[in-house]
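Asks: One structure, as structure tokens, below. Some questions next.
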Amino acid sequence: MNRKQNFKWNNLSLGVCYYPEHWDRNLWQDDLRRMKENGIHTVRVGEFAWSIFEQEEGEFSFELFDSFLNLAEQEEIKVIFGTPTAIPPVWLTEKYPEVLNCRKDGVLFRHGMRRHFNYNSETLHRLASRVVHQVAEHYAKRPCIIGWQIDNELNCEINEYYSESDNLAFRKFLIEKYKTLDALNEAWGTVFWNQTYNDWNQVFVPRTTINDMVNPHLKLDFIRFISESAIRYCRMQSDILRLYVKEGDFITTNGMFSNLDNHKMQDTCLDVYTYDSYPNFAYCMKENPRQNRTLNDRKWSRNLMEVRSICPHFGIMEQQSGANGWNTLSDAPAPKPGQMMLWTMQSIMHGADYVSFFRWRTATKGTEMYWHGILDYDNCDNRKLREVKKIYNRVKNIEEIVGAEYVASVGLVRDYDNIFDTQLDIWHGRIADSSEMEIFVASQLKHTPMDSVYIRENTQAEELKKYKVLIYPHAEILTEKTVGVLEDYVHQGGCLIIGARTGQKDRNGQCVMKQMPGILAPLTQSEVKEFTLIGPDDDDVFMNWSGKQVETGVFNDILSINGEEAKVLANYDGNYYVGRPALIETKVGEGKVLHFGGTFTRKNVEVFLEYTGVLEPFSDLIKASKECEIAVRSKNGKRYLFALNFAKTSQEIGLNRSVTDMDTKEIVKGTVVLAPYETKVYRLEEEL
Ligand code: GAL
């Protein structure tokens with residue numbers, strides 16, 4: 001199975017992030033009581049508290065958190081304990097500067113921010129592993145503890161590492177991978193621009209270069225190396241935790257960041273994956289002064305779809321409960337009445353069975369003093385706390401949903417080789433980023449829920465069978481293994497849609513001397529004769545598909561047929577290749593492949609989904625405006641229908657069948673008006 005999850009939540013529940021070390025002890029008990037009164041039964045603590053546990057090197061003190069856990073036990077609050085390694089203390093980095101990460105030009109990152117360490121320093125591993133041992137050994141048997149969070153947000157804030165320890169570790173990584181320098185020179189194409197290495201000591205992580213250019217094949221391996229380094233660091237911690245954790249307690253970390261194979265991290269280190277969801281990042285003013293970005297209101301559904309692919313029944317470790325704000329970085333409006341509920345339901349709809357808010361009370365000091373929590377500085381009860389209580393009542397009403405599966409019959413296929421490659425290749429990045437976003441937008445606006453489906457080392461066609469349609473937009477890098485999986489999927493009846501530039505590269509990121517789609521051509525029975533970007537001066541190019549003019553996006557591969565089963569479905573209607581094939585369909589076994597020469601837009605995706613019979617799968621149940629997101633989770637033959645209004649205006653939905661409103665317990669049918677940000681969850685009474 002592609003997705004591994006050792007831990008499943010028993011019930012839907014709420015939690016909050018709490019920092020006992022930030023507050024006067026006199027506040028703790030009152031805080032815990034008020035949490036409970038308002039439906040919060042779990043706190044996450046500890047992830048930044050290294051210097052509380054180890055004020056001086058090797059001198060450990062557990063008193064502060066002992067006292068806090070005593071109170072938590074007294075108040076029957078459960079605890080998720082963070083390993084405190086996310087910020088190494090000042091004594092450590094001053095004495096051992098080799099643990100610090102640095103800029104490309106070697107300037108060390110000093111204190112002030114967090115995550116200033118590198119994953120590869122042996123000293124860091126030694127000291128971090130010691131504090132994790134100490135903390136886990138001391139606290140793991142406490143009855144209030146239900147789980148452990150490793151560190152905090154690996155690869156957040158910074159996801160590139162240039163320290164001397166990284167140079168050494170990178171060489172080791174490359175020696176294991178390539179064995180000989182000749183093989184490395186070949187894989188990196190070092191003959192180009194005199195980069196041939198004669199000695200492993202000449203190989204470095206990227207360094208300062210003119211225009212910041214670096215050999216793209218080196219960069220691809222560098223990103224893989226960063227991912228492996230982060231996973232090794234995480235594994236070091238999970239191996240330690242496993243020595244101490246009580247039976248039934250879980251190990252997690254809160255993600256999901258780039259330059260990191262989060263699926264592998266989940267499979268090799270964690271029992272369950274948790275995510276930090278801050279939907280109002282889409283409205284931060286500093287980075288985004290009132291820009292009109294697509295579907296800002298529910299952009300986070302795209303992330304939640306990714307999280308679900310890592311771990312279908314995930315948790316939210318940090319759910320936004322106040323305005324974003326660092327004194328220097330980001331600023332955004334406060335959640336409007338109803339939005340905390342909306343965002344919580346958005347998480348639950350996508351598969352979360354645990355939701356923990358960030359944070360109980362806004363910090364009165366430090367960089368994050370405008371990153372608002374549930375309570376404000378004045379510590380008074382407020383509307384956000386009242387909303388938490390409402391959320392709690394809601395969660396109780398829909399409790400039986402725990403563990404239900406998200407239902408999708410379309411998959412957006414992804415893989416880490418191509419994700420990493422899009423980050424360093426402007427051609428690949430441009431088409432992949434826009435296509436993936438447009439596919440998401442189409443799925444939202446046309447109420448066609450999708451899953452993200454990752455092709456990994458161990459992926460079998462069997463796992464893909466549940467998707468009637470898979471869209472693999474721009475798999476420039478293709479491997480024989482992936483091709484084998486796709487072939488099996490199609491032979492068994494699947495419909496695979498591929499887009500421009502498929503099969504252009506090998507795993508080193510080098511272009512192959514074959515017509516695209518390269519090693520996929522025997523399956524598609526098609527080939528690419530030439531290709532072009534659509535330039536700023538070019539008119540939009542359409543294809544003529546059964547009399548319909550359909551967009552072909554920002555890049556066009558000009559196709560031709562190469563096999564008996566292939567037929568042209570649409571020709572280009574524009575630019576210098578007017579009349580030449582833009583879309584080829586090939587029947588294979590029980591299934592088919594659609595080779596599309598263009599990139600995806602919300603409009604052409606709609607046509608593809610309609611053609612392949614997967615558009616709006618719940619239209620027999622519900623009709624909703626595009627401001628609403630619709631999804632179904634299902635369990636034991638029961639289906640649960642979610643309708644979320646993301647708009648600041650009321651929206652109508654039409655229920656085509658009688659369903660039970662899980663909050664009012666009433667049977668409803670026909671038109672229902674959702675107030676601004678209102679959410680509904682219905683149970684369908686007939687069994688599947
Ligand atoms: C998260 C992080 C928290 C806090 C929050 C608000 O990314 O895990 O520690 O910093 O953002 O900035």
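Ordered as shown in the structure tokens, chains take letters A, B, and onward, while each chain numbers its residues from 1 and ligands are numbered from 1 in the order shown.
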Pick out the residues no farther than 6 Å from ligand 1, counting only C-alpha atoms and all ligand atoms, and list them as an mmCIF file with all heavy atoms, in the first residue's frame.
Replies:
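Okay, out.cif is ready:
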```cif
data_model
loop_
_atom_site.group_PDB
_atom_site.id
_atom_site.type_symbol
_atom_site.label_atom_id
_atom_site.label_comp_id
_atom_site.auth_asym_id
_atom_site.auth_seq_id
_atom_site.Cartn_x
_atom_site.Cartn_y
_atom_site.Cartn_z
ATOM 1 N N ASN A 152 9.584 20.688 14.965
ATOM 2 C CA ASN A 152 8.460 21.491 14.500
ATOM 3 C C ASN A 152 8.700 21.898 13.060
ATOM 4 O O ASN A 152 9.732 22.481 12.737
ATOM 5 C CB ASN A 152 8.319 22.755 15.361
ATOM 6 C CG ASN A 152 7.033 23.502 15.066
ATOM 7 O OD1 ASN A 152 5.952 23.040 15.397
ATOM 8 N ND2 ASN A 152 7.153 24.653 14.416
ATOM 9 N N GLU A 153 7.778 21.542 12.211
ATOM 10 C CA GLU A 153 7.790 21.989 10.820
ATOM 11 C C GLU A 153 9.166 21.882 10.154
ATOM 12 O O GLU A 153 9.802 22.906 9.846
ATOM 13 C CB GLU A 153 7.261 23.415 10.728
ATOM 14 C CG GLU A 153 5.819 23.537 11.173
ATOM 15 C CD GLU A 153 5.184 24.876 10.847
ATOM 16 O OE1 GLU A 153 5.902 25.879 10.786
ATOM 17 O OE2 GLU A 153 3.957 24.907 10.650
ATOM 18 N N TRP A 371 0.717 37.153 15.951
ATOM 19 C CA TRP A 371 0.159 35.921 15.407
ATOM 20 C C TRP A 371 -0.910 35.468 16.398
ATOM 21 O O TRP A 371 -0.629 34.829 17.391
ATOM 22 C CB TRP A 371 1.204 34.838 15.200
ATOM 23 C CG TRP A 371 0.637 33.839 14.258
ATOM 24 C CD1 TRP A 371 -0.306 32.901 14.547
ATOM 25 C CD2 TRP A 371 0.899 33.732 12.868
ATOM 26 N NE1 TRP A 371 -0.652 32.209 13.423
ATOM 27 C CE2 TRP A 371 0.080 32.700 12.371
ATOM 28 C CE3 TRP A 371 1.747 34.419 11.978
ATOM 29 C CZ2 TRP A 371 0.085 32.327 11.033
ATOM 30 C CZ3 TRP A 371 1.751 34.041 10.661
ATOM 31 C CH2 TRP A 371 0.922 33.002 10.196
#
```
Asks: Mind checking which residues fall within 12 Å of A:Leu69, counting only C-alpha atoms, ignoring those fewer than 3 positions away in the same chain, and posting them as number ranges by chain?
Replies: A: 20, 28-29, 32, 42-46, 62-66, 72-81, 138-145
Asks: Write the residues of the preceding selection, restricted to N, CA and C atoms, as an mmCIF file, in the first residue's frame.
Replies:
```cif
data_model
loop_
_atom_site.group_PDB
_atom_site.id
_atom_site.type_symbol
_atom_site.label_atom_id
_atom_site.label_comp_id
_atom_site.auth_asym_id
_atom_site.auth_seq_id
_atom_site.Cartn_x
_atom_site.Cartn_y
_atom_site.Cartn_z
ATOM 1 N N PRO A 20 3.417 26.608 28.126
ATOM 2 C CA PRO A 20 3.450 26.912 29.556
ATOM 3 C C PRO A 20 4.628 27.823 29.907
ATOM 4 N N TRP A 28 -1.915 28.777 34.488
ATOM 5 C CA TRP A 28 -2.026 27.455 33.858
ATOM 6 C C TRP A 28 -3.358 26.759 34.141
ATOM 7 N N GLN A 29 -3.696 26.695 35.442
ATOM 8 C CA GLN A 29 -4.867 25.906 35.790
ATOM 9 C C GLN A 29 -6.145 26.511 35.195
ATOM 10 N N LEU A 32 -6.316 25.691 31.557
ATOM 11 C CA LEU A 32 -6.731 24.305 31.279
ATOM 12 C C LEU A 32 -8.233 24.130 31.523
ATOM 13 N N THR A 42 -7.142 18.472 24.446
ATOM 14 C CA THR A 42 -5.732 18.100 24.222
ATOM 15 C C THR A 42 -4.893 19.365 24.040
ATOM 16 N N VAL A 43 -3.666 19.344 24.581
ATOM 17 C CA VAL A 43 -2.740 20.455 24.287
ATOM 18 C C VAL A 43 -1.452 19.902 23.686
ATOM 19 N N ARG A 44 -0.869 20.686 22.800
ATOM 20 C CA ARG A 44 0.461 20.350 22.278
ATOM 21 C C ARG A 44 1.451 21.303 22.934
ATOM 22 N N VAL A 45 2.524 20.761 23.506
ATOM 23 C CA VAL A 45 3.494 21.591 24.240
ATOM 24 C C VAL A 45 4.928 21.191 23.882
ATOM 25 N N GLY A 46 5.857 22.046 24.190
ATOM 26 C CA GLY A 46 7.256 21.640 24.332
ATOM 27 C C GLY A 46 8.191 21.825 23.161
ATOM 28 N N PHE A 62 13.459 19.118 34.656
ATOM 29 C CA PHE A 62 12.141 18.733 34.127
ATOM 30 C C PHE A 62 11.017 19.361 34.916
ATOM 31 N N GLU A 63 11.374 20.212 35.842
ATOM 32 C CA GLU A 63 10.410 20.690 36.823
ATOM 33 C C GLU A 63 9.243 21.436 36.181
ATOM 34 N N LEU A 64 9.532 22.345 35.261
ATOM 35 C CA LEU A 64 8.454 23.180 34.719
ATOM 36 C C LEU A 64 7.369 22.318 34.052
ATOM 37 N N PHE A 65 7.794 21.413 33.190
ATOM 38 C CA PHE A 65 6.788 20.598 32.502
ATOM 39 C C PHE A 65 6.203 19.519 33.409
ATOM 40 N N ASP A 66 6.970 19.074 34.422
ATOM 41 C CA ASP A 66 6.374 18.169 35.427
ATOM 42 C C ASP A 66 5.174 18.849 36.068
ATOM 43 N N ALA A 72 -2.302 19.134 34.090
ATOM 44 C CA ALA A 72 -3.042 18.572 32.944
ATOM 45 C C ALA A 72 -3.730 17.282 33.382
ATOM 46 N N GLU A 73 -3.012 16.483 34.152
ATOM 47 C CA GLU A 73 -3.619 15.222 34.611
ATOM 48 C C GLU A 73 -4.784 15.498 35.554
ATOM 49 N N GLN A 74 -4.566 16.470 36.422
ATOM 50 C CA GLN A 74 -5.646 16.836 37.340
ATOM 51 C C GLN A 74 -6.889 17.302 36.578
ATOM 52 N N GLU A 75 -6.672 18.060 35.532
ATOM 53 C CA GLU A 75 -7.798 18.612 34.766
ATOM 54 C C GLU A 75 -8.237 17.684 33.632
ATOM 55 N N GLU A 76 -7.623 16.520 33.568
ATOM 56 C CA GLU A 76 -7.944 15.520 32.525
ATOM 57 C C GLU A 76 -7.791 16.063 31.107
ATOM 58 N N ILE A 77 -6.706 16.759 30.919
ATOM 59 C CA ILE A 77 -6.369 17.238 29.574
ATOM 60 C C ILE A 77 -5.245 16.347 29.042
ATOM 61 N N LYS A 78 -5.403 15.916 27.794
ATOM 62 C CA LYS A 78 -4.375 15.067 27.171
ATOM 63 C C LYS A 78 -3.268 15.948 26.594
ATOM 64 N N VAL A 79 -2.098 15.339 26.414
ATOM 65 C CA VAL A 79 -0.954 16.135 25.965
ATOM 66 C C VAL A 79 -0.253 15.468 24.781
ATOM 67 N N ILE A 80 0.035 16.276 23.767
ATOM 68 C CA ILE A 80 0.958 15.853 22.704
ATOM 69 C C ILE A 80 2.260 16.588 23.001
ATOM 70 N N PHE A 81 3.323 15.833 23.216
ATOM 71 C CA PHE A 81 4.580 16.433 23.666
ATOM 72 C C PHE A 81 5.503 16.620 22.466
ATOM 73 N N HIS A 138 11.969 10.798 30.528
ATOM 74 C CA HIS A 138 11.345 11.399 31.707
ATOM 75 C C HIS A 138 9.820 11.445 31.620
ATOM 76 N N TYR A 139 9.290 11.778 30.449
ATOM 77 C CA TYR A 139 7.846 12.063 30.383
ATOM 78 C C TYR A 139 6.995 10.960 29.752
ATOM 79 N N ALA A 140 7.614 10.044 29.009
ATOM 80 C CA ALA A 140 6.801 9.182 28.127
ATOM 81 C C ALA A 140 5.745 8.361 28.855
ATOM 82 N N LYS A 141 5.994 8.018 30.101
ATOM 83 C CA LYS A 141 5.025 7.153 30.788
ATOM 84 C C LYS A 141 3.887 7.938 31.432
ATOM 85 N N ARG A 142 3.954 9.248 31.344
ATOM 86 C CA ARG A 142 2.886 10.049 31.968
ATOM 87 C C ARG A 142 1.548 9.696 31.324
ATOM 88 N N PRO A 143 0.533 9.434 32.145
ATOM 89 C CA PRO A 143 -0.749 9.013 31.573
ATOM 90 C C PRO A 143 -1.396 10.057 30.678
ATOM 91 N N CYS A 144 -1.125 11.349 30.913
ATOM 92 C CA CYS A 144 -1.795 12.366 30.091
ATOM 93 C C CYS A 144 -1.261 12.398 28.662
ATOM 94 N N ILE A 145 -0.076 11.845 28.448
ATOM 95 C CA ILE A 145 0.511 11.957 27.097
ATOM 96 C C ILE A 145 -0.138 10.946 26.147
#
```
Asks: Pick out each residue of stretch 388-623 of chain A that DSSP on the backbone tags as alpha helix (DSSP H); I need them as number ranges by chain.
Replies: A: 388-397, 416-424, 426-445, 461-464, 480-491, 521-524, 602-611
Asks: What lies within 6 Å of stretch 327-332 of chain A using only C-alpha atoms, ignoring chain neighbours under 6 positions off, as a PDB file with N, CA and C atoms, in the first residue's frame?
Replies:
```pdb
ATOM      1  N   TYR A 283      -4.346  35.746   2.301  1.00  0.00           N
ATOM      2  CA  TYR A 283      -4.722  37.168   2.352  1.00  0.00           C
ATOM      3  C   TYR A 283      -3.679  38.034   3.035  1.00  0.00           C
ATOM      4  N   CYS A 284      -2.459  37.508   3.197  1.00  0.00           N
ATOM      5  CA  CYS A 284      -1.441  38.337   3.855  1.00  0.00           C
ATOM      6  C   CYS A 284      -1.174  39.570   2.998  1.00  0.00           C
ATOM      7  N   MET A 285      -1.137  40.719   3.662  1.00  0.00           N
ATOM      8  CA  MET A 285      -1.048  41.977   2.914  1.00  0.00           C
ATOM      9  C   MET A 285       0.367  42.235   2.408  1.00  0.00           C
ATOM     10  N   LYS A 286       1.372  41.909   3.245  1.00  0.00           N
ATOM     11  CA  LYS A 286       2.720  42.306   2.890  1.00  0.00           C
ATOM     12  C   LYS A 286       3.156  41.637   1.585  1.00  0.00           C
ATOM     13  N   THR A 367       8.684  37.834  18.258  1.00  0.00           N
ATOM     14  CA  THR A 367       8.383  37.978  16.835  1.00  0.00           C
ATOM     15  C   THR A 367       6.922  37.677  16.504  1.00  0.00           C
TER      16      THR A 367
END
```
Asks: So, with only C-alpha atoms as the atoms that count, which of A:Leu445, A:Tyr273, A:Val528, A:Asn215 lies closest to A:Asn194?
Replies: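 Smallest separation from A:Asn194 among the options: A:Asn215.
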Asks: Please determine, counting only C-alpha atoms, which residue among A:His595, A:Ile374, A:Ala363, A:Gln525 has the shortest atom-to-atom distance to A:Pro473.
Replies: A:His595
Asks: As an exercise, work out the distance from atom CA of A:Leu464 to atom CA of A:Ser619 in Å and give it to one decimal place.
Replies: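 Rounded to one decimal, the two atoms are 23.9 Å apart.
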Asks: Residues at most 10 Å from stretch 647-664 of chain A, counting only C-alpha atoms, excluding those fewer than 4 positions away in the same chain, as a PDB file with C-alpha atoms, in the first residue's frame?
Replies:
```
ATOM      1  CA  ASP A 297     -10.832  31.670  -0.098  1.00  0.00           C
ATOM      2  CA  ARG A 298     -10.177  27.935  -0.229  1.00  0.00           C
ATOM      3  CA  LYS A 336     -14.411  36.687  10.473  1.00  0.00           C
ATOM      4  CA  GLY A 338     -17.823  31.763  11.181  1.00  0.00           C
ATOM      5  CA  GLN A 339     -14.443  31.354   9.515  1.00  0.00           C
ATOM      6  CA  ASN A 393     -20.763  20.961  19.620  1.00  0.00           C
ATOM      7  CA  ARG A 394     -20.593  20.528  15.878  1.00  0.00           C
ATOM      8  CA  VAL A 395     -17.833  17.966  16.179  1.00  0.00           C
ATOM      9  CA  LYS A 396     -19.940  15.985  18.632  1.00  0.00           C
ATOM     10  CA  ASN A 397     -22.852  16.031  16.203  1.00  0.00           C
ATOM     11  CA  ILE A 398     -20.773  14.592  13.385  1.00  0.00           C
ATOM     12  CA  GLU A 399     -18.622  12.311  15.528  1.00  0.00           C
ATOM     13  CA  PHE A 618     -22.531  14.263  -6.845  1.00  0.00           C
ATOM     14  CA  SER A 619     -24.907  16.198  -9.059  1.00  0.00           C
ATOM     15  CA  ASP A 620     -27.640  13.662  -8.298  1.00  0.00           C
ATOM     16  CA  LEU A 621     -27.320  14.645  -4.620  1.00  0.00           C
ATOM     17  CA  ILE A 622     -26.613  18.335  -4.586  1.00  0.00           C
ATOM     18  CA  LYS A 623     -26.473  21.427  -6.699  1.00  0.00           C
ATOM     19  CA  ALA A 624     -24.290  24.227  -5.409  1.00  0.00           C
ATOM     20  CA  SER A 625     -22.848  27.532  -6.551  1.00  0.00           C
ATOM     21  CA  LYS A 626     -19.152  27.780  -7.251  1.00  0.00           C
ATOM     22  CA  GLU A 627     -18.580  29.601  -3.958  1.00  0.00           C
ATOM     23  CA  CYS A 628     -19.298  26.331  -2.167  1.00  0.00           C
ATOM     24  CA  TYR A 640     -21.600  12.043   4.582  1.00  0.00           C
ATOM     25  CA  LEU A 641     -22.072  15.065   2.381  1.00  0.00           C
ATOM     26  CA  ALA A 643     -21.271  21.682   1.785  1.00  0.00           C
ATOM     27  CA  VAL A 668     -34.169  17.964   4.543  1.00  0.00           C
ATOM     28  CA  LYS A 669     -34.652  18.213   0.795  1.00  0.00           C
ATOM     29  CA  GLY A 670     -34.822  21.075  -1.697  1.00  0.00           C
ATOM     30  CA  THR A 671     -33.329  24.525  -1.355  1.00  0.00           C
ATOM     31  CA  VAL A 672     -31.234  25.409   1.680  1.00  0.00           C
ATOM     32  CA  VAL A 673     -29.653  28.826   2.186  1.00  0.00           C
ATOM     33  CA  LEU A 674     -26.167  28.828   3.679  1.00  0.00           C
ATOM     34  CA  ALA A 675     -25.306  32.019   5.536  1.00  0.00           C
ATOM     35  CA  PRO A 676     -21.874  33.578   4.878  1.00  0.00           C
ATOM     36  CA  TYR A 677     -19.200  30.974   5.769  1.00  0.00           C
ATOM     37  CA  GLU A 678     -21.837  28.504   6.890  1.00  0.00           C
ATOM     38  CA  LYS A 680     -23.494  21.821   6.498  1.00  0.00           C
ATOM     39  CA  VAL A 681     -22.937  18.135   6.979  1.00  0.00           C
ATOM     40  CA  TYR A 682     -25.604  15.705   5.847  1.00  0.00           C
ATOM     41  CA  ARG A 683     -25.902  11.980   6.208  1.00  0.00           C
ATOM     42  CA  LEU A 684     -27.329  10.044   3.299  1.00  0.00           C
ATOM     43  CA  GLU A 685     -29.610   7.455   4.735  1.00  0.00           C
ATOM     44  CA  GLU A 686     -29.487   4.892   1.934  1.00  0.00           C
TER      45      GLU A 686
END
```
Asks: So which bits of stretch 57-141 of chain A end up strand (DSSP E or B) when you DSSP the backbone, as a PDB file with C-alpha atoms, in the first residue's frame?
Replies:
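Result went into states.pdb, see below:
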```pdb
ATOM      1  CA  GLU A  59      22.235  19.981  32.978  1.00  0.00           C
ATOM      2  CA  PHE A  60      18.684  18.818  32.677  1.00  0.00           C
ATOM      3  CA  LYS A  78      -4.375  15.067  27.171  1.00  0.00           C
ATOM      4  CA  VAL A  79      -0.954  16.135  25.965  1.00  0.00           C
ATOM      5  CA  ILE A  80       0.958  15.853  22.704  1.00  0.00           C
ATOM      6  CA  PHE A  81       4.580  16.433  23.666  1.00  0.00           C
ATOM      7  CA  GLY A  82       6.966  18.092  21.221  1.00  0.00           C
ATOM      8  CA  LEU A 100      24.448  26.269  12.298  1.00  0.00           C
ATOM      9  CA  CYS A 102      24.462  29.207   6.599  1.00  0.00           C
ATOM     10  CA  LEU A 108      26.282  31.637   9.392  1.00  0.00           C
ATOM     11  CA  HIS A 111      20.074  33.501  16.754  1.00  0.00           C
ATOM     12  CA  MET A 113      14.952  33.374  14.097  1.00  0.00           C
ATOM     13  CA  PHE A 117      20.658  24.569  12.439  1.00  0.00           C
TER      14      PHE A 117
END
```
Asks: Can you list, as an mmCIF file with N, CA and C atoms, in the first residue's frame, every protein, DNA or RNA residue that comes within 9 Å of A:Met345 when you count only C-alpha atoms, leaving out same-chain residues fewer than 6 positions away?
Replies:
```
data_model
loop_
_atom_site.group_PDB
_atom_site.id
_atom_site.type_symbol
_atom_site.label_atom_id
_atom_site.label_comp_id
_atom_site.auth_asym_id
_atom_site.auth_seq_id
_atom_site.Cartn_x
_atom_site.Cartn_y
_atom_site.Cartn_z
ATOM 1 N N ALA A 352 -9.269 15.241 8.114
ATOM 2 C CA ALA A 352 -8.709 15.402 9.465
ATOM 3 C C ALA A 352 -9.666 14.820 10.501
ATOM 4 N N ILE A 391 -17.832 24.964 17.677
ATOM 5 C CA ILE A 391 -17.154 23.943 16.865
ATOM 6 C C ILE A 391 -17.189 22.612 17.606
ATOM 7 N N VAL A 395 -18.662 19.158 16.285
ATOM 8 C CA VAL A 395 -17.833 17.966 16.179
ATOM 9 C C VAL A 395 -18.523 16.782 16.860
ATOM 10 N N PHE A 642 -20.663 17.000 2.663
ATOM 11 C CA PHE A 642 -20.274 18.306 3.206
ATOM 12 C C PHE A 642 -20.584 19.386 2.169
ATOM 13 N N LEU A 644 -19.719 23.528 2.044
ATOM 14 C CA LEU A 644 -19.068 24.628 2.758
ATOM 15 C C LEU A 644 -19.210 25.900 1.934
ATOM 16 N N THR A 679 -21.484 26.142 7.100
ATOM 17 C CA THR A 679 -21.159 24.796 6.625
ATOM 18 C C THR A 679 -22.278 23.841 7.019
ATOM 19 N N LYS A 680 -22.472 22.833 6.204
ATOM 20 C CA LYS A 680 -23.494 21.821 6.498
ATOM 21 C C LYS A 680 -22.883 20.444 6.325
#
```
Asks: Can you tell me which residues surround A:Phe555 at a distance of at most 8 Å, considering only C-alpha atoms, apart from same-chain residues fewer than 3 positions away, and format the answer as an NGL selection string?
Replies: :A and (431 or 500 or 531-534 or 552 or 597-599)
Asks: Those same residues - C-alpha atoms - I'd like them written as a PDB file, in the first residue's frame.
Replies:
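Written output follows (out_35.pdb):
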```pdb
ATOM      1  CA  ILE A 431       3.766  24.581 -17.030  1.00  0.00           C
ATOM      2  CA  ALA A 500       2.812  18.646 -22.797  1.00  0.00           C
ATOM      3  CA  PHE A 531       6.903  22.121 -29.539  1.00  0.00           C
ATOM      4  CA  THR A 532       6.749  25.723 -28.420  1.00  0.00           C
ATOM      5  CA  LEU A 533       5.923  28.023 -25.580  1.00  0.00           C
ATOM      6  CA  ILE A 534       3.074  30.408 -26.296  1.00  0.00           C
ATOM      7  CA  THR A 552      -4.533  24.589 -25.126  1.00  0.00           C
ATOM      8  CA  GLY A 597      -0.158  18.490 -26.377  1.00  0.00           C
ATOM      9  CA  GLY A 598      -1.110  21.493 -24.276  1.00  0.00           C
ATOM     10  CA  THR A 599      -1.186  22.560 -20.661  1.00  0.00           C
TER      11      THR A 599
END
```
Asks: Enumerate, in order of chain and increasing residue number, the residues of stretch 94-162 of chain A with an atom no farther than 7 Å from stretch 246-265 of chain A, each with its shortest atom pair and distance in Å to one decimal, counting only C-alpha atoms, as JSON lines.
Replies:
```
{"residue": "A:Ala140", "atom": "CA", "partner": "A:Lys246", "partner_atom": "CA", "distance": 6.5}
{"residue": "A:Lys141", "atom": "CA", "partner": "A:Lys246", "partner_atom": "CA", "distance": 6.0}
{"residue": "A:Ile146", "atom": "CA", "partner": "A:Asp249", "partner_atom": "CA", "distance": 4.8}
{"residue": "A:Gly147", "atom": "CA", "partner": "A:Phe250", "partner_atom": "CA", "distance": 4.4}
{"residue": "A:Trp148", "atom": "CA", "partner": "A:Ile251", "partner_atom": "CA", "distance": 4.8}
{"residue": "A:Gln149", "atom": "CA", "partner": "A:Thr253", "partner_atom": "CA", "distance": 4.8}
{"residue": "A:Ile150", "atom": "CA", "partner": "A:Thr253", "partner_atom": "CA", "distance": 4.9}
{"residue": "A:Asp151", "atom": "CA", "partner": "A:Thr253", "partner_atom": "CA", "distance": 6.9}
{"residue": "A:Asn152", "atom": "CA", "partner": "A:Asn254", "partner_atom": "CA", "distance": 6.2}
{"residue": "A:Glu153", "atom": "CA", "partner": "A:Gly255", "partner_atom": "CA", "distance": 5.1}
{"residue": "A:Leu154", "atom": "CA", "partner": "A:Gly255", "partner_atom": "CA", "distance": 6.8}
{"residue": "A:Asn155", "atom": "CA", "partner": "A:Phe257", "partner_atom": "CA", "distance": 5.7}
{"residue": "A:Cys156", "atom": "CA", "partner": "A:Phe257", "partner_atom": "CA", "distance": 6.0}
{"residue": "A:Asn159", "atom": "CA", "partner": "A:Asn259", "partner_atom": "CA", "distance": 6.3}
```
Asks: Can you work out the spacing between atom CA of A:Val550 and atom CA of A:Leu569 in Å, to one decimal?
Replies: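 Result for atom CA of A:Val550 versus atom CA of A:Leu569: 11.7 Å, one decimal.
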Asks: Show me, as a ChimeraX atom specification, the residues that have an atom within 12 Å of A:Phe222 when counting only C-alpha atoms, minus same-chain residues fewer than 5 positions from it.
Replies: /A:159-162,166-167,169-171,173-174,188,203-207,214-217,227-229,259-260,417,420-421,423-424,508
Asks: Keeping only C-alpha atoms, take the residues you just selected and write them out as a compact mmCIF listing (two decimals), in the first residue's frame.
Replies:
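Wrote result_7.txt, looks like this:
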```txt
# COMPACT_ATOMS: atom_id res chain seq x y z
CA ASN A 159 14.76 24.45 3.15
CA GLU A 160 18.30 24.73 1.77
CA TYR A 161 21.47 23.88 3.66
CA TYR A 162 24.96 25.03 2.83
CA ASP A 166 26.28 19.49 4.49
CA ASN A 167 29.23 19.43 2.11
CA ALA A 169 27.24 14.63 4.00
CA PHE A 170 26.45 15.52 0.38
CA ARG A 171 29.66 13.83 -0.76
CA PHE A 173 25.29 10.73 -0.26
CA LEU A 174 26.76 10.99 -3.76
CA TRP A 188 25.48 15.64 -14.00
CA VAL A 203 32.19 18.45 -5.08
CA PHE A 204 30.18 20.89 -2.97
CA VAL A 205 26.62 21.77 -2.20
CA PRO A 206 25.71 24.76 -4.42
CA ARG A 207 27.96 27.75 -3.80
CA VAL A 214 24.04 26.03 -10.72
CA ASN A 215 24.29 22.81 -12.70
CA PRO A 216 20.64 21.67 -12.85
CA HIS A 217 21.47 17.99 -12.39
CA SER A 227 15.04 15.55 1.70
CA GLU A 228 17.09 12.55 2.80
CA SER A 229 18.88 14.65 5.43
CA ASN A 259 12.42 19.86 -0.52
CA LEU A 260 11.12 16.98 1.49
CA ASP A 417 11.34 13.64 -9.07
CA PHE A 420 11.82 18.71 -7.36
CA ASP A 421 12.61 19.30 -11.02
CA GLN A 423 11.63 23.94 -8.65
CA LEU A 424 14.84 24.34 -10.61
CA ASN A 508 19.08 12.93 -13.73
```
